$ cat upload.txt   # compact mmCIF, C-alpha atoms
# COMPACT_ATOMS: atom_id res chain seq x y z
CA MET A 1176 34.02 7.68 3.17
CA ASN A 1177 35.30 6.78 -0.31
CA LEU A 1178 35.98 9.26 -3.11
CA ASN A 1179 32.75 8.40 -4.95
CA ASP A 1180 30.70 9.14 -1.83
CA LYS A 1181 32.55 12.43 -1.30
CA LEU A 1182 31.83 13.50 -4.90
CA LYS A 1183 28.17 12.41 -4.64
CA LEU A 1184 27.82 14.23 -1.35
CA GLU A 1185 29.20 17.43 -2.88
CA LYS A 1186 26.90 17.21 -5.94
CA THR A 1187 23.72 15.88 -4.36
CA GLY A 1188 24.03 16.23 -0.60
CA MET A 1189 23.77 12.43 -0.29
CA THR A 1190 26.13 9.46 -0.42
CA GLN A 1191 25.68 6.71 -3.02
CA ASN A 1192 24.15 4.46 -0.37
CA GLU A 1193 21.69 7.20 0.64
CA LEU A 1194 20.77 7.84 -3.01
CA ASN A 1195 20.18 4.11 -3.53
CA GLU A 1196 17.93 4.01 -0.46
CA LEU A 1197 16.00 7.07 -1.68
CA ARG A 1198 15.55 5.46 -5.12
CA TYR A 1199 14.28 2.26 -3.53
CA HIS A 1200 11.88 4.14 -1.24
CA TYR A 1201 10.62 6.30 -4.14
CA VAL A 1202 9.86 3.25 -6.29
CA ASP A 1203 8.27 1.42 -3.35
CA ARG A 1204 5.94 4.37 -2.58
CA TYR A 1205 5.23 5.07 -6.25
CA VAL A 1206 4.18 1.48 -6.94
CA ASP A 1207 2.22 1.26 -3.69
CA ASN A 1208 0.15 4.26 -4.73
CA MET A 1209 -0.62 2.97 -8.25
CA SER A 1210 -4.03 1.51 -9.01
CA THR A 1211 -4.12 -2.07 -10.25
CA LYS A 1212 -5.13 -0.81 -13.70
CA ASP A 1213 -2.19 1.65 -13.82
CA LEU A 1214 0.22 -1.02 -12.60
CA VAL A 1215 -0.96 -3.49 -15.25
CA GLN A 1216 -0.68 -0.82 -17.96
CA TYR A 1217 2.84 0.07 -16.81
CA VAL A 1218 3.99 -3.56 -16.89
CA PHE A 1219 2.26 -4.08 -20.25
CA ASP A 1220 3.98 -1.03 -21.79
CA ASP A 1221 7.36 -2.02 -20.35
CA LEU A 1222 7.08 -5.60 -21.64
CA LEU A 1223 5.89 -4.40 -25.05
CA ASN A 1224 8.92 -2.11 -25.24
CA TYR A 1225 11.15 -5.04 -24.22
CA VAL A 1226 9.88 -7.35 -26.98
CA HIS A 1227 10.02 -4.56 -29.58
CA ASN A 1228 13.71 -4.10 -28.79
CA GLN A 1229 14.54 -7.79 -29.16
CA LEU A 1230 15.99 -9.14 -32.38
CA ASP A 1231 13.26 -10.86 -34.42
CA LEU A 1232 14.73 -14.36 -34.01
CA GLU A 1233 15.27 -13.81 -30.28
CA PHE A 1234 11.63 -12.74 -29.88
CA LEU A 1235 10.33 -15.66 -31.94
CA ASP A 1236 12.34 -18.09 -29.82
CA GLU A 1237 10.91 -16.55 -26.65
CA ALA A 1238 7.35 -16.70 -28.08
CA GLN A 1239 7.81 -20.34 -29.05
CA ASN A 1240 9.02 -21.15 -25.54
CA TYR A 1241 6.05 -19.31 -24.04
CA TRP A 1242 3.30 -20.92 -26.13
CA GLU A 1243 5.07 -24.27 -26.56
CA GLU A 1244 2.82 -26.68 -28.50
CA HIS A 1245 0.21 -23.93 -29.11
CA TYR A 1246 2.68 -21.64 -30.92
CA ASP A 1247 1.62 -22.65 -34.46
CA ASP A 1248 -2.06 -22.11 -33.63
CA VAL A 1249 -1.32 -18.69 -32.12
CA VAL A 1250 0.69 -17.65 -35.20
CA LYS A 1251 -2.14 -18.81 -37.48
CA ASP A 1252 -4.69 -16.76 -35.50
CA ILE A 1253 -2.40 -13.71 -35.44
CA LYS A 1254 -1.84 -13.87 -39.20
CA GLU A 1255 -5.61 -13.97 -39.78
CA TYR A 1256 -6.21 -11.06 -37.39
CA ALA A 1257 -3.30 -8.95 -38.69
CA ASN A 1258 -4.74 -9.10 -42.19
CA SER A 1259 -8.41 -8.61 -41.23
CA LYS A 1260 -10.50 -5.49 -41.68
CA VAL A 1261 -11.61 -5.46 -38.01
CA LYS A 1262 -8.07 -5.05 -36.70
CA LYS A 1263 -7.66 -2.11 -34.33
CA PRO A 1264 -4.38 -0.21 -34.80
CA ILE A 1265 -1.81 -1.21 -32.17
CA GLU A 1266 -1.25 2.40 -31.12
CA ASP A 1267 -4.97 2.69 -30.25
CA ARG A 1268 -4.93 -0.32 -27.91
CA GLU A 1269 -4.23 -0.61 -24.21
CA ALA A 1270 -3.67 -3.52 -21.87
CA SER A 1271 -6.80 -5.63 -21.66
CA ASN A 1272 -8.06 -9.09 -20.90
CA PHE A 1273 -6.33 -9.29 -17.55
CA PHE A 1274 -7.63 -10.66 -14.29
CA ILE A 1275 -6.01 -9.99 -10.96
CA ASN A 1276 -7.44 -11.72 -7.92
CA THR A 1277 -7.73 -9.00 -5.30
CA ASN A 1278 -9.72 -11.16 -2.87
CA GLY A 1279 -12.82 -9.05 -3.39
CA GLU A 1280 -11.02 -5.71 -3.11
CA GLU A 1281 -11.83 -3.06 -5.70
CA ASP A 1282 -9.55 -0.32 -7.02
$ encode --input "upload.txt" --output "structure tokens"
Amino acid sequence: MNLNDKLKLEKTGMTQNELNELRYHYVDRYVDNMSTKDLVQYVFDDLLNYVHNQLDLEFLDEAQNYWEEHYDDVVKDIKEYANSKVKKPIEDREASNFFINTNGEED
């Protein structure tokens, strides 16, 4: 047993390997018990946080790569929507417009 494992064992009652296995099992069970809607919302929130933390030019490059030849049209539509009176505040929105094929299964 290495020094790190001895210290972990003293502090937590588990070795680093055991802690890693517990983390993996926790995440596996946690995700398995999430509804499709909750899972989509979690991924949406995580990805939104990711793009908010990117530098502007890094994000724009990623957006251009994603939309490819449609990028200019998307930006035009976004500019119109962002300046419209029907715009819903971002903080009042949630993940929407998603479709997940569950082979007929319902949440």
$ atom_distance --input "upload.txt" --atom1 "atom CA of Asp1248 of chain A" --atom2 "atom CA of Leu1235 of chain A"
14.1 Å
$ closest_residue --input "upload.txt" --among "A:Ala1270, A:Gln1229, A:Gln1191, A:Leu1178" --to "Val1215 of chain A" --atoms "only C-alpha atoms"
A:Ala1270
$ atom_distance --input "upload.txt" --atom1 "atom CA of Arg1198 of chain A" --atom2 "atom CA of Leu1223 of chain A"
24.2 Å
$ residues_around --input "upload.txt" --residues "Asn1195 of chain A" --least-positions-apart "6" --cutoff "12 Å" --atoms "only C-alpha atoms" --output "PyMOL selection string"
chain A and resi 1180+1183+1189+1201-1202
$ atom_distance --input "upload.txt" --atom1 "atom CA of Tyr1225 of chain A" --atom2 "atom CA of Lys1263 of chain A"
21.6 Å
$ closest_residue --input "upload.txt" --among "A:Ser1259, A:Gln1239, A:Thr1211, A:Asn1179" --to "Asn1192 of chain A" --atoms "all atoms listed in the file"
A:Asn1179
